[in-house]
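> Supplied in structure tokens, the structure appears directly below.
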Amino acid sequence: MRSTMEEASDHCAVEFAMELLGGRWKLAILKQLVSGTHRFGELRRALPGVTQRMLTRQLRELEADGLVERTVYREVPPRVEYALTDVGHTLDSITEQLDAWGRWYRDTVRLEAPAGPAAST
């Protein structure tokens, strides 16, 4: 369960950032929102491994922390859009760098790594 930001450590900024951005999907959600506003269904399709419940939960936490804004349009059917706040946009370069590093690791290091315990014998 997520602790409150008031309970986060005062002494380690990395720990504080991880408390804020931790979770399997938060950085992936932020990466999707860098390109602009998205509806819930668009985010769900862009992140095929996430469940509806988890996406809703992660979006609510990001909204509560001031990184994402949720706009509800009073239409029939209702339309809800998610976008990065100004504070959320401060993470643009970080998410881009993590994306680039993840691609590099997947394509380079992971392919060179031994297959497992049997490879060391």
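Identifiers in this document derive from the order of the structure tokens: chains are assigned A, B, ..., residues are numbered from 1 separately in each chain, and ligands are numbered from 1 in order of occurrence.
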Write out as a CSV table (one decimal) with C-alpha atoms, in the first residue's frame each polymer residue whose atoms come within 10 Å of region 50-60 of chain A, counting only C-alpha atoms; drop sequence neighbours fewer than 3 positions from it.


chain,number,residue,atom,x,y,z
A,21,LEU,CA,7.1,7.8,-9.1
A,22,GLY,CA,7.3,4.2,-7.9
A,23,GLY,CA,4.9,1.7,-9.3
A,24,ARG,CA,5.2,-0.4,-12.4
A,25,TRP,CA,3.1,2.0,-14.6
A,26,LYS,CA,3.6,5.5,-13.4
A,27,LEU,CA,6.6,6.3,-15.5
A,29,ILE,CA,1.9,6.7,-18.1
A,30,LEU,CA,4.0,9.9,-17.8
A,40,PHE,CA,-8.3,6.8,-20.6
A,41,GLY,CA,-8.9,4.3,-23.4
A,43,LEU,CA,-3.7,5.2,-22.4
A,44,ARG,CA,-5.1,1.7,-21.9
A,45,ARG,CA,-4.3,0.7,-25.5
A,46,ALA,CA,-0.9,2.2,-25.3
A,47,LEU,CA,-0.1,0.2,-22.2
A,63,GLU,CA,-3.2,13.4,-10.0
A,64,ALA,CA,-3.1,13.6,-6.2
A,65,ASP,CA,0.6,14.3,-6.4
A,66,GLY,CA,0.1,17.2,-8.9
A,67,LEU,CA,1.8,15.5,-11.9
A,68,VAL,CA,-1.3,14.8,-14.0
A,69,GLU,CA,-4.5,16.8,-14.4
A,70,ARG,CA,-7.9,15.1,-15.1
A,82,TYR,CA,-5.5,13.3,-18.8

> Per residue of region 20-63 of chain A within 9 Å of region 86-92 of chain A, what are the shortest atom pair and its distance in Å to one decimal, counting only C-alpha atoms, with rows by chain and residue number, as JSON lines?


{"residue": "A:Leu30", "atom": "CA", "partner": "A:Gly88", "partner_atom": "CA", "distance": 7.6}
{"residue": "A:Lys31", "atom": "CA", "partner": "A:Asp92", "partner_atom": "CA", "distance": 7.4}
{"residue": "A:Leu33", "atom": "CA", "partner": "A:His89", "partner_atom": "CA", "distance": 9.0}
{"residue": "A:Val34", "atom": "CA", "partner": "A:Asp92", "partner_atom": "CA", "distance": 6.1}
{"residue": "A:Leu62", "atom": "CA", "partner": "A:Gly88", "partner_atom": "CA", "distance": 8.8}

> Please extract the residues of chain A with a backbone DSSP assignment of alpha helix (DSSP H) and present them as a ChimeraX atom specification.

/A:13-21,26-34,40-46,52-64,86-89,92-104,110-112

> Among region 15-118 of chain A, which ones does DSSP place in strand (DSSP E), written as a list in words?

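Everything in region 15-118 of chain A that counts as strand (DSSP E) is His38, Arg39, Val68, Glu69, Arg70, Thr71, Val72, Tyr73, Arg79, Val80, Glu81, Tyr82, Ala83 and Leu84 of chain A.
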
> Could you check which of A:Glu15, A:His38, A:Ala28, A:Pro77 is closest to Glu96 (chain A), using only C-alpha atoms?

A:Ala28
